[in-house]
Amino acid sequence: MKIIDTHCHLYLEEFDVDREQVLARAMDAGVSKILCPAIDSRTHDRMLEICRLSDGFMIPMMGLHPTSVREGYQEELKVVERYLAENKYLAIGEVGIDLYWDTTYIKEQEDAFLTQARWAASMGVPLVIHSRNSMGHILDLLAKHSIKNLTGVFHCFSGTAEEASKAIDMGFFLGIGGPLTYKKSNLPEIIRNVRRDRVVVETDAPYLPPVHFRGKRNEPSWLNLVLQHLAVIWNISAEEVSAITTQNAQRLFQFI
Ligand SMILES: [Zn+2]
């Protein structure tokens with residue numbers, strides 16, 4: 001079985017004590033690649049160094065996370081721009097709008113999001129979107145600004161069935177992880193009916209562990225539990241789910 005964790009913050013301090021073991025467990029579980037979304041200038045260098053040391057197993061993205069958008073965010077965007085000019089990245093992310101924690105900087109979040117979305121389109125790389133409590137808002141924004149040649153993924157998708165099909169119609173993928181396994185989740189019903197060629201899997205580790213591990217630090221090896229849930233929902237084997245979602249990730253992120 002081959003699994004790609006398309007969204008994992010394995011470079012964060014939460015993993016400093018046992019990152020080697022976490023990586024070993026991930027490999028044992030069949031994880032073949034871990035894609036790492038950036039947050040902000042406090043963690044960019046740590047992310048790049050840890051990805052470099054992993055010999056291609058962990059692959060960095062570059063971008064400014066919406067919860068790091070506040071006064072002075074233009075400076076942070078300049079930092080991202082500089083990194084993007086220095087090296088090739090497989091995606092811009094994670095970017096987006098977060099209306100769960102704080103709505104003070106919504107205008108700034110919109111601007112940072114659209115700026116980075118335009119960069120992704122012009123560079124021909126996918127955009128990795130954080131849409132906590134803002135799925136409708138982001139879809140409206142994208143419809144209004146219609147940025148050509150833009151593709152990407154709504155990571156940790158948590159919208160409605162309508163929002164799922166709108167996102168897919170606009171050319172996006174849905175990132176599915178631990179929340180699929182939560183008891184009250186309406187995701188299984190939505191995911192049962194979406195196009196399977198637009199679903200990728202992710203942990204968002206250290207956050208959002210699958211149901212059995214709630215309250216614990218999430219890690220890539222637990223992605224197996226998400227695959228098993230998807231297998232039941234789609235009524236196919238976990239091997240087939242891994243084959244489908246791996247192909248999707250390869251298509252979206254343009255792996256050779
Ligand atoms: Zn994330």
# chains A, B, ... in the order shown; residues from 1 in each chain; ligands from 1
$ residues_near_ligand --ligand "ligand 1" --cutoff "7 Å" --atoms "only C-alpha atoms and all ligand atoms" --output "number ranges by chain"
A: 7-9, 37, 94, 204
$ residues_around --residues "Lys88 in chain A" --least-positions-apart "4" --cutoff "12 Å" --atoms "only C-alpha atoms" --output "JSON, numbers by chain"
{"A": [59, 60, 61, 62, 81, 82, 83, 84, 92, 120, 123, 124, 125]}
$ write_last_selection --atoms "C-alpha atoms" --output "PDB file, in the first residue's frame"
ATOM      1  CA  ILE A  59       8.373  17.881   0.664  1.00  0.00           C
ATOM      2  CA  PRO A  60       7.883  21.540   1.608  1.00  0.00           C
ATOM      3  CA  MET A  61       5.335  24.002   0.250  1.00  0.00           C
ATOM      4  CA  MET A  62       5.625  27.753   0.704  1.00  0.00           C
ATOM      5  CA  GLU A  81       7.891  35.822  -2.268  1.00  0.00           C
ATOM      6  CA  ARG A  82      11.607  35.727  -1.581  1.00  0.00           C
ATOM      7  CA  TYR A  83      11.550  31.993  -0.790  1.00  0.00           C
ATOM      8  CA  LEU A  84       9.478  31.357  -3.922  1.00  0.00           C
ATOM      9  CA  ILE A  92       1.733  27.352  -2.459  1.00  0.00           C
ATOM     10  CA  ALA A 120       0.088  29.934  -7.670  1.00  0.00           C
ATOM     11  CA  MET A 123       3.658  29.748 -11.382  1.00  0.00           C
ATOM     12  CA  GLY A 124       1.471  26.816 -12.443  1.00  0.00           C
ATOM     13  CA  VAL A 125       1.473  25.178  -9.003  1.00  0.00           C
TER      14      VAL A 125
END
$ closest_residue --among "A:Arg118, A:His44, A:His130, A:His137" --to "Leu150 in chain A" --atoms "only C-alpha atoms"
A:Arg118
$ atom_distance --atom1 "CA of Gly63 in chain A" --atom2 "CA of Thr245 in chain A"
23.8 Å
$ closest_atom_pairs --of "range 36-106 of chain A" --to "range 133-136 of chain A" --cutoff "8 Å" --atoms "only C-alpha atoms" --output "Markdown table"
| residue | atom | partner | partner_atom | distance |
| --- | --- | --- | --- | --- |
| A:Ile97 | CA | A:Ser134 | CA | 6.2 |
| A:Asp98 | CA | A:Ser134 | CA | 6.2 |
| A:Leu99 | CA | A:Asn133 | CA | 5.3 |
| A:Tyr100 | CA | A:Asn133 | CA | 5.7 |
$ atom_distance --atom1 "CA of Thr43 in chain A" --atom2 "CA of Gly30 in chain A"
27.2 Å
